[in-house]
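Chemist: input.pdb is the file, holding PDB, C-alpha atoms:
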```pdb
ATOM      1  CA  MET A   1       0.000   0.000   0.000
ATOM      2  CA  MET A   2       1.322   3.423  -0.964
ATOM      3  CA  LYS A   3       1.823   5.958   1.806
ATOM      4  CA  ALA A   4       0.673   9.512   1.100
ATOM      5  CA  PHE A   5       2.330  12.784   2.143
ATOM      6  CA  ASP A   6       1.826  16.439   1.374
ATOM      7  CA  LEU A   7       5.482  16.793   0.420
ATOM      8  CA  ILE A   8       8.336  14.412  -0.296
ATOM      9  CA  ILE A   9      11.893  15.756  -0.025
ATOM     10  CA  ILE A  10      14.554  13.637  -1.721
ATOM     11  CA  GLY A  11      17.907  14.246  -0.062
ATOM     12  CA  ALA A  12      18.780  15.165   3.527
ATOM     13  CA  GLY A  13      21.737  17.463   3.005
ATOM     14  CA  PRO A  14      21.600  21.136   4.056
ATOM     15  CA  ALA A  15      19.163  21.964   1.221
ATOM     16  CA  GLY A  16      16.780  19.115   2.012
ATOM     17  CA  LEU A  17      16.867  19.700   5.758
ATOM     18  CA  SER A  18      16.306  23.441   5.273
ATOM     19  CA  ALA A  19      13.291  22.648   3.085
ATOM     20  CA  ALA A  20      11.994  20.247   5.727
ATOM     21  CA  LEU A  21      12.342  22.874   8.449
ATOM     22  CA  GLN A  22      10.075  25.260   6.563
ATOM     23  CA  SER A  23       7.499  22.656   5.550
ATOM     24  CA  LEU A  24       7.264  21.161   9.036
ATOM     25  CA  ARG A  25       6.826  24.611  10.559
ATOM     26  CA  ALA A  26       3.982  25.137   8.077
ATOM     27  CA  GLY A  27       2.306  21.949   9.263
ATOM     28  CA  LEU A  28       2.848  19.875   6.109
ATOM     29  CA  ASN A  29       2.970  16.101   6.387
ATOM     30  CA  THR A  30       6.541  15.768   5.112
ATOM     31  CA  LEU A  31       8.678  12.748   4.242
ATOM     32  CA  ILE A  32      12.454  13.007   3.810
ATOM     33  CA  VAL A  33      14.186  10.277   1.787
ATOM     34  CA  GLU A  34      17.965   9.912   2.191
ATOM     35  CA  LYS A  35      20.234   7.342   0.555
ATOM     36  CA  GLU A  36      23.196   7.599   2.928
ATOM     37  CA  SER A  37      23.401   9.875   5.967
ATOM     38  CA  THR A  38      21.621  13.040   7.049
ATOM     39  CA  GLY A  39      23.733  16.095   6.371
ATOM     40  CA  GLY A  40      24.980  14.785   3.032
ATOM     41  CA  THR A  41      28.534  15.531   1.951
ATOM     42  CA  ILE A  42      29.201  18.036   4.748
ATOM     43  CA  ASN A  43      29.773  14.983   6.955
ATOM     44  CA  TYR A  44      33.055  14.514   5.080
ATOM     45  CA  THR A  45      34.352  18.026   5.793
ATOM     46  CA  ASP A  46      36.755  18.303   8.711
ATOM     47  CA  THR A  47      36.315  22.031   9.367
ATOM     48  CA  ILE A  48      33.658  24.496   8.200
ATOM     49  CA  ASN A  49      34.482  28.159   8.760
ATOM     50  CA  ASN A  50      32.447  29.989   6.112
ATOM     51  CA  TYR A  51      28.939  29.605   7.571
ATOM     52  CA  LEU A  52      27.803  32.906   9.071
ATOM     53  CA  GLY A  53      27.346  32.874  12.835
ATOM     54  CA  ILE A  54      29.430  29.728  13.375
ATOM     55  CA  PRO A  55      33.152  30.650  13.206
ATOM     56  CA  GLN A  56      34.271  27.013  13.127
ATOM     57  CA  ILE A  57      32.568  23.634  13.316
ATOM     58  CA  SER A  58      33.092  20.164  11.916
ATOM     59  CA  GLY A  59      30.808  19.067   9.114
ATOM     60  CA  PHE A  60      29.667  16.111  11.195
ATOM     61  CA  ASP A  61      28.632  18.343  14.098
ATOM     62  CA  LEU A  62      26.835  20.817  11.837
ATOM     63  CA  ALA A  63      24.951  17.961  10.157
ATOM     64  CA  ASN A  64      23.884  16.650  13.577
ATOM     65  CA  ASN A  65      22.750  20.115  14.659
ATOM     66  CA  MET A  66      20.626  20.469  11.531
ATOM     67  CA  MET A  67      19.057  17.049  11.989
ATOM     68  CA  ASP A  68      18.376  17.671  15.682
ATOM     69  CA  HIS A  69      16.590  20.892  14.756
ATOM     70  CA  ILE A  70      14.087  19.256  12.423
ATOM     71  CA  SER A  71      13.756  16.150  14.609
ATOM     72  CA  GLU A  72      12.257  18.383  17.282
ATOM     73  CA  LEU A  73       9.502  19.173  14.787
ATOM     74  CA  GLY A  74       8.681  15.499  14.221
ATOM     75  CA  ALA A  75      10.509  14.926  10.945
ATOM     76  CA  LYS A  76       9.859  11.604   9.193
ATOM     77  CA  VAL A  77      13.021  10.222   7.569
ATOM     78  CA  ILE A  78      13.400   7.016   5.593
ATOM     79  CA  PHE A  79      16.818   5.709   4.566
ATOM     80  CA  GLY A  80      16.915   4.109   1.151
ATOM     81  CA  GLU A  81      17.721   4.702  -2.504
ATOM     82  CA  VAL A  82      15.195   6.276  -4.828
ATOM     83  CA  THR A  83      15.070   3.923  -7.813
ATOM     84  CA  GLU A  84      12.135   5.330  -9.763
ATOM     85  CA  THR A  85       9.978   8.438  -9.860
ATOM     86  CA  HIS A  86       6.798   9.454 -11.660
ATOM     87  CA  LEU A  87       6.592  13.227 -11.470
ATOM     88  CA  LYS A  88       4.684  14.421 -14.524
ATOM     89  CA  ASP A  89       1.176  13.831 -13.165
ATOM     90  CA  GLY A  90      -0.652  15.760 -10.454
ATOM     91  CA  ILE A  91       0.051  13.063  -7.886
ATOM     92  CA  LYS A  92       3.761  12.265  -7.660
ATOM     93  CA  LYS A  93       5.072   8.754  -7.009
ATOM     94  CA  VAL A  94       8.469   7.941  -5.521
ATOM     95  CA  ILE A  95       9.727   4.353  -5.267
ATOM     96  CA  VAL A  96      12.429   3.694  -2.676
ATOM     97  CA  GLU A  97      14.593   0.610  -2.189
ATOM     98  CA  VAL A  98      14.851   0.013   1.544
ATOM     99  CA  GLY A  99      16.997  -2.986   2.355
ATOM    100  CA  LEU A 100      15.646  -5.838   0.232
ATOM    101  CA  ASN A 101      12.218  -4.270  -0.207
ATOM    102  CA  PHE A 102      10.679  -1.537  -2.320
ATOM    103  CA  GLN A 103       8.308   1.020  -0.842
ATOM    104  CA  GLU A 104       6.069   3.416  -2.764
ATOM    105  CA  PHE A 105       5.144   6.901  -1.613
ATOM    106  CA  ILE A 106       2.872   9.498  -3.183
ATOM    107  CA  SER A 107       2.612  13.217  -2.618
ATOM    108  CA  LYS A 108       1.181  16.387  -4.075
ATOM    109  CA  CYS A 109       4.617  17.859  -4.693
ATOM    110  CA  VAL A 110       8.307  16.925  -4.494
ATOM    111  CA  ILE A 111      11.517  18.777  -3.678
ATOM    112  CA  ILE A 112      14.661  17.177  -5.107
ATOM    113  CA  ALA A 113      17.848  18.010  -3.182
ATOM    114  CA  THR A 114      20.102  15.115  -4.100
ATOM    115  CA  GLY A 115      23.364  17.062  -4.052
ATOM    116  CA  LEU A 116      26.531  15.805  -5.706
ATOM    117  CA  ILE A 117      28.516  12.591  -5.918
ATOM    118  CA  HIS A 118      32.257  12.106  -6.370
ATOM    119  CA  LYS A 119      33.593  11.665  -9.882
ATOM    120  CA  LYS A 120      35.334   8.330 -10.197
ATOM    121  CA  LEU A 121      38.985   8.001 -11.135
ATOM    122  CA  GLU A 122      39.171   5.940 -14.320
ATOM    123  CA  CYS A 123      42.355   3.929 -14.412
ATOM    124  CA  ASP A 124      43.526   0.375 -13.770
ATOM    125  CA  GLY A 125      43.587  -0.390 -10.066
ATOM    126  CA  SER A 126      41.097   2.329  -9.096
ATOM    127  CA  ASN A 127      38.959  -0.282  -7.320
ATOM    128  CA  LEU A 128      41.771  -1.689  -5.182
ATOM    129  CA  PRO A 129      41.366  -1.640  -1.391
ATOM    130  CA  GLY A 130      43.119   1.508  -0.265
ATOM    131  CA  VAL A 131      41.457   3.779  -2.826
ATOM    132  CA  SER A 132      39.043   6.076  -1.016
ATOM    133  CA  TYR A 133      36.838   9.073  -1.732
ATOM    134  CA  CYS A 134      36.637  10.199   1.899
ATOM    135  CA  ALA A 135      39.773  11.200   3.808
ATOM    136  CA  LEU A 136      37.797  11.994   6.949
ATOM    137  CA  CYS A 137      36.235   8.520   6.917
ATOM    138  CA  ASP A 138      39.265   6.394   6.088
ATOM    139  CA  GLY A 139      42.321   8.542   6.808
ATOM    140  CA  ILE A 140      42.885   7.122  10.278
ATOM    141  CA  LEU A 141      43.551   3.715   8.685
ATOM    142  CA  TYR A 142      46.800   5.151   7.292
ATOM    143  CA  GLN A 143      48.165   6.823  10.397
ATOM    144  CA  ASP A 144      51.941   7.370  10.114
ATOM    145  CA  GLU A 145      51.993   6.018   6.553
ATOM    146  CA  ASN A 146      52.567   7.652   3.162
ATOM    147  CA  VAL A 147      49.447   8.463   1.147
ATOM    148  CA  ALA A 148      48.415  10.437  -1.930
ATOM    149  CA  VAL A 149      45.540  12.774  -2.709
ATOM    150  CA  VAL A 150      44.414  13.292  -6.307
ATOM    151  CA  GLY A 151      42.955  16.676  -7.272
ATOM    152  CA  GLY A 152      43.631  20.387  -7.030
ATOM    153  CA  GLY A 153      40.454  22.022  -5.757
ATOM    154  CA  ASN A 154      39.121  22.850  -2.305
ATOM    155  CA  SER A 155      38.076  19.286  -1.484
ATOM    156  CA  ALA A 156      41.503  17.933  -2.399
ATOM    157  CA  ALA A 157      43.191  20.649  -0.341
ATOM    158  CA  GLU A 158      40.977  19.942   2.683
ATOM    159  CA  SER A 159      41.690  16.210   2.431
ATOM    160  CA  THR A 160      45.430  16.822   2.112
ATOM    161  CA  LEU A 161      45.559  19.130   5.117
ATOM    162  CA  TYR A 162      43.588  16.694   7.250
ATOM    163  CA  LEU A 163      45.732  13.720   6.220
ATOM    164  CA  SER A 164      48.920  15.675   6.893
ATOM    165  CA  SER A 165      47.961  15.767  10.562
ATOM    166  CA  ILE A 166      47.868  11.977  10.896
ATOM    167  CA  CYS A 167      50.015  10.561   8.068
ATOM    168  CA  ASN A 168      53.778  10.532   7.626
ATOM    169  CA  GLU A 169      53.784  12.161   4.179
ATOM    170  CA  VAL A 170      51.027  13.279   1.817
ATOM    171  CA  SER A 171      51.612  13.727  -1.917
ATOM    172  CA  LEU A 172      49.053  15.950  -3.626
ATOM    173  CA  ILE A 173      48.853  14.910  -7.284
ATOM    174  CA  VAL A 174      47.643  17.775  -9.483
ATOM    175  CA  ARG A 175      46.972  17.166 -13.173
ATOM    176  CA  LYS A 176      47.373  20.845 -14.078
ATOM    177  CA  SER A 177      50.228  23.301 -13.566
ATOM    178  CA  LYS A 178      48.568  25.083 -10.640
ATOM    179  CA  LEU A 179      46.063  24.547  -7.849
ATOM    180  CA  SER A 180      42.431  25.576  -8.252
ATOM    181  CA  CYS A 181      41.666  25.754  -4.518
ATOM    182  CA  ASP A 182      41.085  28.974  -2.593
ATOM    183  CA  PRO A 183      44.256  30.959  -1.735
ATOM    184  CA  ILE A 184      43.780  30.328   1.982
ATOM    185  CA  TYR A 185      44.113  26.573   1.373
ATOM    186  CA  GLU A 186      47.095  26.988  -0.937
ATOM    187  CA  LYS A 187      48.905  28.973   1.744
ATOM    188  CA  GLN A 188      48.225  26.303   4.365
ATOM    189  CA  LEU A 189      49.379  23.523   2.035
ATOM    190  CA  LYS A 190      52.720  25.227   1.420
ATOM    191  CA  GLN A 191      53.283  25.731   5.148
ATOM    192  CA  LYS A 192      53.195  21.995   5.879
ATOM    193  CA  ASN A 193      56.528  20.191   5.835
ATOM    194  CA  ASN A 194      55.051  16.768   5.101
ATOM    195  CA  ILE A 195      53.002  17.797   2.043
ATOM    196  CA  ASN A 196      54.555  17.328  -1.384
ATOM    197  CA  ILE A 197      52.687  18.870  -4.339
ATOM    198  CA  LEU A 198      53.242  17.219  -7.723
ATOM    199  CA  PHE A 199      52.133  19.448 -10.601
ATOM    200  CA  ASN A 200      51.451  18.164 -14.140
ATOM    201  CA  TYR A 201      51.214  14.554 -13.023
ATOM    202  CA  GLU A 202      48.574  12.111 -14.290
ATOM    203  CA  ILE A 203      47.944   8.620 -12.959
ATOM    204  CA  GLN A 204      48.284   5.741 -15.380
ATOM    205  CA  GLU A 205      47.684   2.917 -12.923
ATOM    206  CA  ILE A 206      47.333   2.160  -9.229
ATOM    207  CA  GLU A 207      49.269  -1.005  -8.450
ATOM    208  CA  GLY A 208      49.107  -3.542  -5.657
ATOM    209  CA  ASN A 209      48.474  -7.211  -4.975
ATOM    210  CA  THR A 210      45.726  -7.129  -2.363
ATOM    211  CA  SER A 211      45.742  -3.384  -1.663
ATOM    212  CA  VAL A 212      47.368  -0.162  -2.856
ATOM    213  CA  GLU A 213      51.164  -0.303  -2.995
ATOM    214  CA  LYS A 214      52.172   2.353  -5.509
ATOM    215  CA  ILE A 215      51.007   4.767  -8.196
ATOM    216  CA  LYS A 216      52.410   4.615 -11.714
ATOM    217  CA  PHE A 217      52.359   7.906 -13.634
ATOM    218  CA  LYS A 218      51.874   8.625 -17.333
ATOM    219  CA  ASP A 219      54.601   9.938 -19.667
ATOM    220  CA  ASP A 220      57.337   7.890 -17.984
ATOM    221  CA  ARG A 221      57.240  10.081 -14.897
ATOM    222  CA  GLY A 222      58.003   7.200 -12.595
ATOM    223  CA  SER A 223      56.022   5.864  -9.658
ATOM    224  CA  LEU A 224      55.192   6.700  -6.057
ATOM    225  CA  LYS A 225      54.988   4.253  -3.166
ATOM    226  CA  VAL A 226      51.887   4.870  -1.032
ATOM    227  CA  SER A 227      49.533   2.863   1.152
ATOM    228  CA  GLY A 228      46.390   4.805   0.322
ATOM    229  CA  VAL A 229      45.011   7.011  -2.463
ATOM    230  CA  PHE A 230      42.286   9.568  -1.810
ATOM    231  CA  ILE A 231      40.354  10.807  -4.843
ATOM    232  CA  ASN A 232      39.038  14.383  -5.014
ATOM    233  CA  ILE A 233      38.750  15.137  -8.736
ATOM    234  CA  GLY A 234      35.389  16.847  -8.685
ATOM    235  CA  LEU A 235      31.719  16.242  -8.160
ATOM    236  CA  GLU A 236      28.736  15.660 -10.427
ATOM    237  CA  PRO A 237      24.984  16.017  -9.835
ATOM    238  CA  ARG A 238      22.661  13.173  -8.905
ATOM    239  CA  THR A 239      20.029  13.891 -11.537
ATOM    240  CA  ASN A 240      20.083  10.863 -13.818
ATOM    241  CA  ILE A 241      16.994   9.065 -12.493
ATOM    242  CA  PHE A 242      14.609  12.008 -12.695
ATOM    243  CA  GLU A 243      13.154  11.854 -16.178
ATOM    244  CA  GLY A 244      11.373  14.818 -17.658
ATOM    245  CA  ILE A 245      13.096  17.568 -15.654
ATOM    246  CA  TRP A 246      15.150  19.975 -17.719
ATOM    247  CA  ILE A 247      18.901  19.905 -17.059
ATOM    248  CA  ASP A 248      21.860  21.836 -18.457
ATOM    249  CA  GLU A 249      24.763  20.422 -20.475
ATOM    250  CA  LYS A 250      26.537  19.303 -17.283
ATOM    251  CA  GLY A 251      23.503  17.522 -15.855
ATOM    252  CA  TYR A 252      22.423  20.145 -13.311
ATOM    253  CA  PHE A 253      18.728  20.858 -12.806
ATOM    254  CA  LEU A 254      17.367  24.034 -14.363
ATOM    255  CA  SER A 255      14.994  26.101 -12.244
ATOM    256  CA  ASP A 256      13.661  29.618 -11.894
ATOM    257  CA  LYS A 257      14.377  31.876  -8.917
ATOM    258  CA  LYS A 258      11.552  30.201  -6.991
ATOM    259  CA  MET A 259      13.274  26.817  -7.456
ATOM    260  CA  ARG A 260      10.487  25.612  -9.761
ATOM    261  CA  THR A 261      11.303  23.156 -12.541
ATOM    262  CA  ASN A 262       9.487  22.689 -15.835
ATOM    263  CA  LEU A 263       7.272  20.065 -14.136
ATOM    264  CA  GLU A 264       4.386  21.416 -12.118
ATOM    265  CA  GLY A 265       4.733  20.650  -8.416
ATOM    266  CA  VAL A 266       8.398  19.640  -8.712
ATOM    267  CA  PHE A 267      11.035  21.853  -7.086
ATOM    268  CA  VAL A 268      14.804  21.539  -6.743
ATOM    269  CA  ALA A 269      17.368  22.831  -4.259
ATOM    270  CA  GLY A 270      21.040  22.714  -3.375
ATOM    271  CA  ASP A 271      24.162  21.639  -5.226
ATOM    272  CA  CYS A 272      22.253  19.640  -7.863
ATOM    273  CA  VAL A 273      20.883  22.911  -9.289
ATOM    274  CA  ALA A 274      22.595  24.899 -12.064
ATOM    275  CA  LYS A 275      24.143  27.972 -10.393
ATOM    276  CA  GLU A 276      27.463  29.734  -9.885
ATOM    277  CA  LEU A 277      28.055  29.342  -6.141
ATOM    278  CA  ARG A 278      27.728  26.082  -4.223
ATOM    279  CA  GLN A 279      28.139  26.474  -0.470
ATOM    280  CA  ILE A 280      26.189  25.400   2.591
ATOM    281  CA  VAL A 281      24.638  28.851   2.827
ATOM    282  CA  THR A 282      23.344  28.718  -0.768
ATOM    283  CA  ALA A 283      22.000  25.191  -0.248
ATOM    284  CA  VAL A 284      20.126  26.272   2.873
ATOM    285  CA  SER A 285      18.745  29.278   0.982
ATOM    286  CA  ASP A 286      17.616  27.097  -1.934
ATOM    287  CA  GLY A 287      15.866  24.713   0.435
ATOM    288  CA  ALA A 288      13.964  27.481   2.168
ATOM    289  CA  ILE A 289      12.871  29.013  -1.159
ATOM    290  CA  ALA A 290      11.844  25.639  -2.606
ATOM    291  CA  SER A 291       9.815  24.816   0.483
ATOM    292  CA  TYR A 292       8.136  28.233   0.471
ATOM    293  CA  SER A 293       7.233  27.713  -3.199
ATOM    294  CA  ALA A 294       5.891  24.232  -2.431
ATOM    295  CA  ILE A 295       3.773  25.580   0.428
ATOM    296  CA  LYS A 296       2.281  28.216  -1.867
ATOM    297  CA  TYR A 297       1.698  25.590  -4.546
ATOM    298  CA  LEU A 298      -0.212  23.398  -2.122
TER
END
```
Can the structure from this file be put into structure tokens for me?
Modeler:
Amino acid sequence: MMKAFDLIIIGAGPAGLSAALQSLRAGLNTLIVEKESTGGTINYTDTINNYLGIPQISGFDLANNMMDHISELGAKVIFGEVTETHLKDGIKKVIVEVGLNFQEFISKCVIIATGLIHKKLECDGSNLPGVSYCALCDGILYQDENVAVVGGGNSAAESTLYLSSICNEVSLIVRKSKLSCDPIYEKQLKQKNNINILFNYEIQEIEGNTSVEKIKFKDDRGSLKVSGVFINIGLEPRTNIFEGIWIDEKGYFLSDKKMRTNLEGVFVAGDCVAKELRQIVTAVSDGAIASYSAIKYL
């Protein structure tokens, strides 16, 4: 039997939780569907210091604070993967895989706040044990060992700085001739004695028998012995399962300033939306606007 709600929010990152806060305060019967953990990717950030009013906090703690806030309002959260949606009709249907079972939910409108997922490194050996996409989750496994981080943006810089505090040596492998992270991160990276930045290096293969042992580089640039490899080469939107919603050339949802999509009763919010700035503050703003639009729609 399908369970009915006024509003279904897909994704429990800052955008989804912000949307839930507004809808619950408005008295809407709201369901939040989350594939992994509440708070989304901010759980993997060691230190957040650009959220107004909170000078410094870990991503994990901020995620818990957000979830505690909406839990006080009686939030309903189900953990599972959305496998199918039917959003074109007046009544929306969302099918969720929970464990070994599938559950169906219907609602009058939907807010999609599925955020971003890590781009995968495509090379031989990229699936070996020891290849990780979360330094905060797995870094402690390589305490006092030599590791590598792949990427040049903010996420790669954050991972490198965190790993430098627990590992013997961290090699930051940058495909281009310069870093693309914020200057504040670049300054911190260069101040660390156990961080080695390799510019213009590309990985050909990750080698190892049962786990990572070394990285082999392209163009005969040699190899690097490491115990772990942490991938931070960018993010991409989780939009592929939502048929019928307009997206841009990179796969991001298109919306108007009220977070409305081309489908009536379907709204979007957060990092999965086409926009210039992606931060926690913009995700929270998107969620509030999307929820306000949904409330008016209902």
Chemist: Enumerate, as a ChimeraX atom specification, the residues matched when the PyMOL selection byres ((chain A and resi 16-32) around 10) is run on the file above.
Modeler: /A:3-15,33-34,38-40,63,66-67,69-79,105-107,110-115,268-270,283-292,294-295,298
Chemist: Put those residues in a file: C-alpha atoms, as a JSON list (two decimals), keeping the file's coordinate frame.
Modeler:
```json
[["chain", "number", "residue", "atom", "x", "y", "z"],
["A", 3, "LYS", "CA", 1.82, 5.96, 1.81],
["A", 4, "ALA", "CA", 0.67, 9.51, 1.10],
["A", 5, "PHE", "CA", 2.33, 12.78, 2.14],
["A", 6, "ASP", "CA", 1.83, 16.44, 1.37],
["A", 7, "LEU", "CA", 5.48, 16.79, 0.42],
["A", 8, "ILE", "CA", 8.34, 14.41, -0.30],
["A", 9, "ILE", "CA", 11.89, 15.76, -0.02],
["A", 10, "ILE", "CA", 14.55, 13.64, -1.72],
["A", 11, "GLY", "CA", 17.91, 14.25, -0.06],
["A", 12, "ALA", "CA", 18.78, 15.16, 3.53],
["A", 13, "GLY", "CA", 21.74, 17.46, 3.00],
["A", 14, "PRO", "CA", 21.60, 21.14, 4.06],
["A", 15, "ALA", "CA", 19.16, 21.96, 1.22],
["A", 33, "VAL", "CA", 14.19, 10.28, 1.79],
["A", 34, "GLU", "CA", 17.96, 9.91, 2.19],
["A", 38, "THR", "CA", 21.62, 13.04, 7.05],
["A", 39, "GLY", "CA", 23.73, 16.10, 6.37],
["A", 40, "GLY", "CA", 24.98, 14.78, 3.03],
["A", 63, "ALA", "CA", 24.95, 17.96, 10.16],
["A", 66, "MET", "CA", 20.63, 20.47, 11.53],
["A", 67, "MET", "CA", 19.06, 17.05, 11.99],
["A", 69, "HIS", "CA", 16.59, 20.89, 14.76],
["A", 70, "ILE", "CA", 14.09, 19.26, 12.42],
["A", 71, "SER", "CA", 13.76, 16.15, 14.61],
["A", 72, "GLU", "CA", 12.26, 18.38, 17.28],
["A", 73, "LEU", "CA", 9.50, 19.17, 14.79],
["A", 74, "GLY", "CA", 8.68, 15.50, 14.22],
["A", 75, "ALA", "CA", 10.51, 14.93, 10.94],
["A", 76, "LYS", "CA", 9.86, 11.60, 9.19],
["A", 77, "VAL", "CA", 13.02, 10.22, 7.57],
["A", 78, "ILE", "CA", 13.40, 7.02, 5.59],
["A", 79, "PHE", "CA", 16.82, 5.71, 4.57],
["A", 105, "PHE", "CA", 5.14, 6.90, -1.61],
["A", 106, "ILE", "CA", 2.87, 9.50, -3.18],
["A", 107, "SER", "CA", 2.61, 13.22, -2.62],
["A", 110, "VAL", "CA", 8.31, 16.92, -4.49],
["A", 111, "ILE", "CA", 11.52, 18.78, -3.68],
["A", 112, "ILE", "CA", 14.66, 17.18, -5.11],
["A", 113, "ALA", "CA", 17.85, 18.01, -3.18],
["A", 114, "THR", "CA", 20.10, 15.12, -4.10],
["A", 115, "GLY", "CA", 23.36, 17.06, -4.05],
["A", 268, "VAL", "CA", 14.80, 21.54, -6.74],
["A", 269, "ALA", "CA", 17.37, 22.83, -4.26],
["A", 270, "GLY", "CA", 21.04, 22.71, -3.38],
["A", 283, "ALA", "CA", 22.00, 25.19, -0.25],
["A", 284, "VAL", "CA", 20.13, 26.27, 2.87],
["A", 285, "SER", "CA", 18.74, 29.28, 0.98],
["A", 286, "ASP", "CA", 17.62, 27.10, -1.93],
["A", 287, "GLY", "CA", 15.87, 24.71, 0.44],
["A", 288, "ALA", "CA", 13.96, 27.48, 2.17],
["A", 289, "ILE", "CA", 12.87, 29.01, -1.16],
["A", 290, "ALA", "CA", 11.84, 25.64, -2.61],
["A", 291, "SER", "CA", 9.82, 24.82, 0.48],
["A", 292, "TYR", "CA", 8.14, 28.23, 0.47],
["A", 294, "ALA", "CA", 5.89, 24.23, -2.43],
["A", 295, "ILE", "CA", 3.77, 25.58, 0.43],
["A", 298, "LEU", "CA", -0.21, 23.40, -2.12]]
```
Chemist: What does the distance between CA of Lys218 in chain A and CA of Ser177 in chain A come to in Å, to one decimal place?
Modeler: 15.2 Å
Chemist: How many Å lie between CA of Gly59 in chain A and CA of Thr160 in chain A, rounded to one decimal?
Modeler: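 Those two atoms sit 16.4 Å apart.
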Chemist: Taking only C-alpha atoms into account, which of A:Ser227, A:Ser255, A:Asn194, A:Ser155 comes nearest Cys272 in chain A?
Modeler: A:Ser255
Chemist: Go through A:Val229, A:Gly244, A:Asn154, A:Ala274 one by one, measure the shortest atom-to-atom distance of each to Asn262 in chain A using all atoms listed in the file, and give the residue with the smallest value.
Modeler: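 Of all the options, A:Gly244 lies closest to Asn262 in chain A.
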Chemist: Considering only C-alpha atoms, state which residue in the set A:Leu116, A:Ile233, A:Leu62, A:Leu277 is at the smallest distance from Glu202 in chain A.
Modeler: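 Closest to Glu202 in chain A of all the choices is A:Ile233.
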Chemist: As a check of understanding, name the residues that the PyMOL selection byres ((chain A and resi 231) around 7) selects in the supplied structure, as a PDB file with C-alpha atoms, in the coordinates of the input.
Modeler:
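Listed below is the output, selection-v6.pdb:
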```pdb
ATOM      1  CA  SER A 132      39.043   6.076  -1.016  1.00  0.00           C
ATOM      2  CA  TYR A 133      36.838   9.073  -1.732  1.00  0.00           C
ATOM      3  CA  VAL A 149      45.540  12.774  -2.709  1.00  0.00           C
ATOM      4  CA  VAL A 150      44.414  13.292  -6.307  1.00  0.00           C
ATOM      5  CA  GLY A 151      42.955  16.676  -7.272  1.00  0.00           C
ATOM      6  CA  VAL A 229      45.011   7.011  -2.463  1.00  0.00           C
ATOM      7  CA  PHE A 230      42.286   9.568  -1.810  1.00  0.00           C
ATOM      8  CA  ASN A 232      39.038  14.383  -5.014  1.00  0.00           C
ATOM      9  CA  ILE A 233      38.750  15.137  -8.736  1.00  0.00           C
TER      10      ILE A 233
END
```
Chemist: What is the CA of Val266 in chain A to CA of Cys109 in chain A distance in Å?
Modeler: 5.8 Å
Chemist: Identify, on the basis of all atoms listed in the file, every residue whose closest approach to Cys137 in chain A does not exceed 12 Å; exclude the query and any residue fewer than 6 positions from it along the same chain; express the result as an MDAnalysis selection string.
Modeler: chainID A and resid 41 43:46 60 159 162:163 230
Chemist: Would you mind telling me which residue in A:Lys216, A:Lys258, A:Lys108, A:Lys187 lies nearest to Ser126 in chain A when using all atoms listed in the file?
Modeler: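 Between A:Lys216, A:Lys258, A:Lys108, A:Lys187, the residue approaching Ser126 in chain A most closely is A:Lys216.
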Chemist: So which one's closest to Glu104 in chain A, A:Glu207, A:Asp89, A:Glu122, A:Glu81? Using only C-alpha atoms, please.
Modeler: A:Glu81
Chemist: Of the candidates A:Glu276, A:Glu249, A:Asp144, A:Asp124, which one gets nearest to Gly208 in chain A if we count all atoms listed in the file?
Modeler: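 That would be A:Asp124, the residue with the smallest distance to Gly208 in chain A.
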Chemist: Please provide the set of residues having any atom within 8 Å of Phe242 in chain A, restricted to only C-alpha atoms, with same-chain residues fewer than 2 positions apart removed, written as a list in words.
Modeler: Glu84, Thr85, Thr239, Asn240, Gly244 and Ile245 of chain A
Chemist: As a list in words, please: the residues near Lys119 in chain A (cut-off 7 Å, only C-alpha atoms, same-chain neighbours under 6 positions excluded).
Modeler: Ile233, Gly234, Leu235 and Glu236 of chain A
Chemist: Determine the residue set returned by the PyMOL selection byres ((chain A and resi 193) around 12) for the present structure, and present it as number ranges by chain.
Modeler: A: 161, 164-165, 167-171, 188-192, 194-197
